file work14.pdb (PDB, C-alpha atoms, pLDDT in the B column)
MODEL        1
ATOM      1  CA  MET A  96      32.879 204.997 168.141  1.00 78.00           C
ATOM      2  CA  ILE A  97      35.045 203.097 165.718  1.00 84.00           C
ATOM      3  CA  VAL A  98      36.121 204.454 162.322  1.00 86.00           C
ATOM      4  CA  SER A  99      36.827 201.618 159.886  1.00 86.00           C
ATOM      5  CA  GLY A 100      39.888 201.906 157.690  1.00 86.00           C
ATOM      6  CA  LEU A 101      41.624 204.327 160.054  1.00 84.00           C
ATOM      7  CA  SER A 102      44.523 202.902 161.996  1.00 80.00           C
ATOM      8  CA  MET A 103      45.637 205.338 164.658  1.00 82.00           C
ATOM      9  CA  ARG A 104      46.988 203.591 167.718  1.00 82.00           C
ATOM     10  CA  GLY A 105      45.155 204.629 170.884  1.00 84.00           C
ATOM     11  CA  ALA A 106      42.733 206.937 169.065  1.00 87.00           C
ATOM     12  CA  ASP A 107      39.315 207.646 170.557  1.00 89.00           C
ATOM     13  CA  TRP A 108      36.525 209.377 168.657  1.00 89.00           C
ATOM     14  CA  GLU A 109      33.317 211.070 169.798  1.00 91.00           C
ATOM     15  CA  PHE A 110      30.325 212.001 167.663  1.00 90.00           C
ATOM     16  CA  ARG A 111      30.153 215.717 166.864  1.00 93.00           C
ATOM     17  CA  ALA A 112      27.586 216.175 164.075  1.00 92.00           C
ATOM     18  CA  HIS A 113      25.724 214.586 161.202  1.00 90.00           C
ATOM     19  CA  VAL A 114      26.152 216.786 158.122  1.00 93.00           C
ATOM     20  CA  LEU A 115      23.958 216.744 155.010  1.00 93.00           C
ATOM     21  CA  ASN A 116      25.156 218.887 152.111  1.00 93.00           C
ATOM     22  CA  GLY A 117      22.031 220.437 150.588  1.00 94.00           C
ATOM     23  CA  HIS A 118      23.805 221.271 147.305  1.00 96.00           C
ATOM     24  CA  ASN A 119      24.980 217.814 146.303  1.00 96.00           C
ATOM     25  CA  GLY A 120      23.186 215.508 148.750  1.00 93.00           C
ATOM     26  CA  THR A 121      26.305 213.981 150.305  1.00 95.00           C
ATOM     27  CA  GLU A 122      26.350 213.222 153.998  1.00 94.00           C
ATOM     28  CA  SER A 123      29.117 212.803 156.504  1.00 95.00           C
ATOM     29  CA  VAL A 124      29.629 212.267 160.203  1.00 93.00           C
ATOM     30  CA  GLU A 125      31.917 214.675 162.023  1.00 95.00           C
ATOM     31  CA  VAL A 126      33.875 213.249 164.925  1.00 93.00           C
ATOM     32  CA  ILE A 127      36.248 214.843 167.388  1.00 94.00           C
ATOM     33  CA  GLY A 128      39.239 213.234 169.054  1.00 92.00           C
ATOM     34  CA  GLY A 129      42.260 211.284 167.923  1.00 90.00           C
ATOM     35  CA  ARG A 130      45.275 210.141 169.865  1.00 90.00           C
ATOM     36  CA  PRO A 131      45.388 210.869 173.599  1.00 90.00           C
ATOM     37  CA  GLY A 132      45.482 214.642 174.077  1.00 89.00           C
ATOM     38  CA  ASP A 133      44.274 215.409 170.523  1.00 90.00           C
ATOM     39  CA  ARG A 134      40.960 217.160 169.827  1.00 92.00           C
ATOM     40  CA  ARG A 135      40.924 217.077 166.023  1.00 93.00           C
ATOM     41  CA  ILE A 136      37.748 217.309 163.989  1.00 95.00           C
ATOM     42  CA  ARG A 137      37.482 214.789 161.154  1.00 94.00           C
ATOM     43  CA  SER A 138      34.687 213.885 158.738  1.00 94.00           C
ATOM     44  CA  PHE A 139      33.905 210.394 157.493  1.00 93.00           C
ATOM     45  CA  GLU A 140      31.215 208.719 155.428  1.00 93.00           C
ATOM     46  CA  PRO A 141      28.490 207.211 157.643  1.00 90.00           C
ATOM     47  CA  GLU A 142      29.335 203.752 156.258  1.00 90.00           C
ATOM     48  CA  ARG A 143      32.736 203.943 158.015  1.00 90.00           C
ATOM     49  CA  ILE A 144      31.347 204.733 161.481  1.00 87.00           C
ATOM     50  CA  PHE A 145      30.465 201.935 163.910  1.00 85.00           C
ATOM     51  CA  ALA A 146      29.137 202.134 167.441  1.00 78.00           C
ATOM     52  CA  VAL A 147      31.304 200.622 170.160  1.00 75.00           C
ATOM     53  CA  THR A 148      29.626 197.455 171.391  1.00 68.00           C
ATOM     54  CA  ARG A 149      32.244 196.452 173.968  1.00 62.00           C
ATOM     55  CA  ARG A 150      33.759 198.544 176.745  1.00 54.00           C
ATOM     56  CA  LYS A 151      37.437 197.782 176.082  1.00 52.00           C
ATOM     57  CA  GLN A 152      38.834 197.434 172.589  1.00 50.00           C
ATOM     58  CA  THR A 153      42.342 196.183 172.000  1.00 54.00           C
ATOM     59  CA  ARG A 154      44.209 196.452 168.743  1.00 52.00           C
ATOM     60  CA  GLY A 155      43.637 192.797 167.913  1.00 50.00           C
ATOM     61  CA  ASN A 156      39.886 192.712 168.506  1.00 48.00           C
ATOM     62  CA  ARG A 157      38.959 196.163 167.147  1.00 51.00           C
ATOM     63  CA  ASP A 158      38.510 194.803 163.601  1.00 51.00           C
ATOM     64  CA  LYS A 159      36.620 191.820 164.992  1.00 50.00           C
ATOM     65  CA  ALA A 160      34.251 194.226 166.748  1.00 52.00           C
ATOM     66  CA  ILE A 161      33.023 195.647 163.436  1.00 60.00           C
ATOM     67  CA  ALA A 162      33.090 192.419 161.411  1.00 58.00           C
ATOM     68  CA  GLY A 163      29.486 191.496 160.703  1.00 61.00           C
ATOM     69  CA  GLU A 164      28.047 194.575 162.434  1.00 73.00           C
ATOM     70  CA  LEU A 165      26.085 197.363 160.804  1.00 73.00           C
ATOM     71  CA  SER A 166      27.487 200.872 160.414  1.00 75.00           C
ATOM     72  CA  VAL A 167      25.566 203.890 161.661  1.00 68.00           C
ATOM     73  CA  ALA A 168      24.448 204.416 158.053  1.00 73.00           C
ATOM     74  CA  ASP A 169      22.644 201.054 158.131  1.00 70.00           C
ATOM     75  CA  ALA A 170      21.582 201.043 161.786  1.00 68.00           C
ATOM     76  CA  PRO A 171      21.655 204.549 163.248  1.00 65.00           C
ATOM     77  CA  GLN A 172      21.836 204.816 167.020  1.00 64.00           C
ATOM     78  CA  LEU A 173      19.935 208.102 166.799  1.00 58.00           C
ATOM     79  CA  PRO A 174      17.740 209.306 163.926  1.00 56.00           C
ATOM     80  CA  LEU A 175      20.046 211.019 161.407  1.00 51.00           C
ATOM     81  CA  GLY A 176      17.273 212.499 159.244  1.00 51.00           C
TER      82      GLY A 176
ENDMDL
END

call {"tool": "encode", "arguments": {"input": "work14.pdb", "output": "structure tokens"}}
result
Amino acid sequence: MIVSGLSMRGADWEFRAHVLNGHNGTESVEVIGGRPGDRRIRSFEPERIFAVTRRKQTRGNRDKAIAGELSVADAPQLPLG
């Protein structure tokens, strides 16, 4: 998956969980990964998460990959509700 607005060279992210806060209604997507060898857990708004549509992303075409595409908030790959 691609996280928009996060520039970490060589970072790879995997979906971990969709979180809905019952107290205030906010939602987030937890991902795990980071730079090679890292296994950090991070949370982002669903609007910042995009599915990978191409096998190999290079630094120059990563932003092009999400330009004009819908985030998982707008077009979930799996039902988030």

call {"tool": "resolve_selection", "arguments": {"input": "work14.pdb", "expression": "the PyMOL selection byres ((chain A and resi 111) around 6)", "output": "MDAnalysis selection string"}}
result
chainID A and resid 110 112 125:126

call {"tool": "atom_distance", "arguments": {"input": "work14.pdb", "atom1": "CA of Thr121 (chain A)", "atom2": "CA of Glu140 (chain A)"}}
result
8.8 Å

call {"tool": "residues_around", "arguments": {"input": "work14.pdb", "residues": "Ile97 (chain A)", "least_positions_apart": "2", "cutoff": "7 Å", "atoms": "all atoms listed in the file", "output": "ChimeraX atom specification"}}
result
/A:99,144-147

call {"tool": "atom_distance", "arguments": {"input": "work14.pdb", "atom1": "CA of Arg137 (chain A)", "atom2": "CA of Gly120 (chain A)"}}
result
18.9 Å

call {"tool": "residues_around", "arguments": {"input": "work14.pdb", "residues": "Ala168 (chain A)", "least_positions_apart": "6", "cutoff": "10 Å", "atoms": "all atoms listed in the file", "output": "ChimeraX atom specification"}}
result
/A:122-124,140-145,175

call {"tool": "resolve_selection", "arguments": {"input": "work14.pdb", "expression": "the PyMOL selection byres ((chain A and resi 108) around 8)", "output": "short mmCIF file (atom, residue, chain, number, x, y, z; two decimals) with C-alpha atoms, keeping the file's coordinate frame"}}
result
data_model
loop_
_atom_site.label_atom_id
_atom_site.label_comp_id
_atom_site.auth_asym_id
_atom_site.auth_seq_id
_atom_site.Cartn_x
_atom_site.Cartn_y
_atom_site.Cartn_z
CA MET A 96 32.88 205.00 168.14
CA ILE A 97 35.04 203.10 165.72
CA ALA A 106 42.73 206.94 169.06
CA ASP A 107 39.32 207.65 170.56
CA GLU A 109 33.32 211.07 169.80
CA PHE A 110 30.32 212.00 167.66
CA VAL A 126 33.88 213.25 164.92
CA ILE A 127 36.25 214.84 167.39
CA GLY A 128 39.24 213.23 169.05
CA GLY A 129 42.26 211.28 167.92
#

call {"tool": "atom_distance", "arguments": {"input": "work14.pdb", "atom1": "CA of Ser102 (chain A)", "atom2": "CA of Phe139 (chain A)"}}
result
13.8 Å

call {"tool": "axis_aligned_box", "arguments": {"input": "work14.pdb", "around": "region 131-136 of chain A", "padding_each_side": "3 Å", "output": "AutoDock Vina command-line options"}}
result
--center_x 41.6 --center_y 214.1 --center_z 169.0 --size_x 13.7 --size_y 12.4 --size_z 16.1

call {"tool": "closest_residue", "arguments": {"input": "work14.pdb", "among": "A:Asp169, A:Val98, A:Gly117, A:Gly105", "to": "Gly132 (chain A)", "atoms": "all atoms listed in the file"}}
result
A:Gly105

call {"tool": "closest_residue", "arguments": {"input": "work14.pdb", "among": "A:Ser138, A:Gly100, A:Leu165, A:Asp133", "to": "His113 (chain A)", "atoms": "only C-alpha atoms"}}
result
A:Ser138
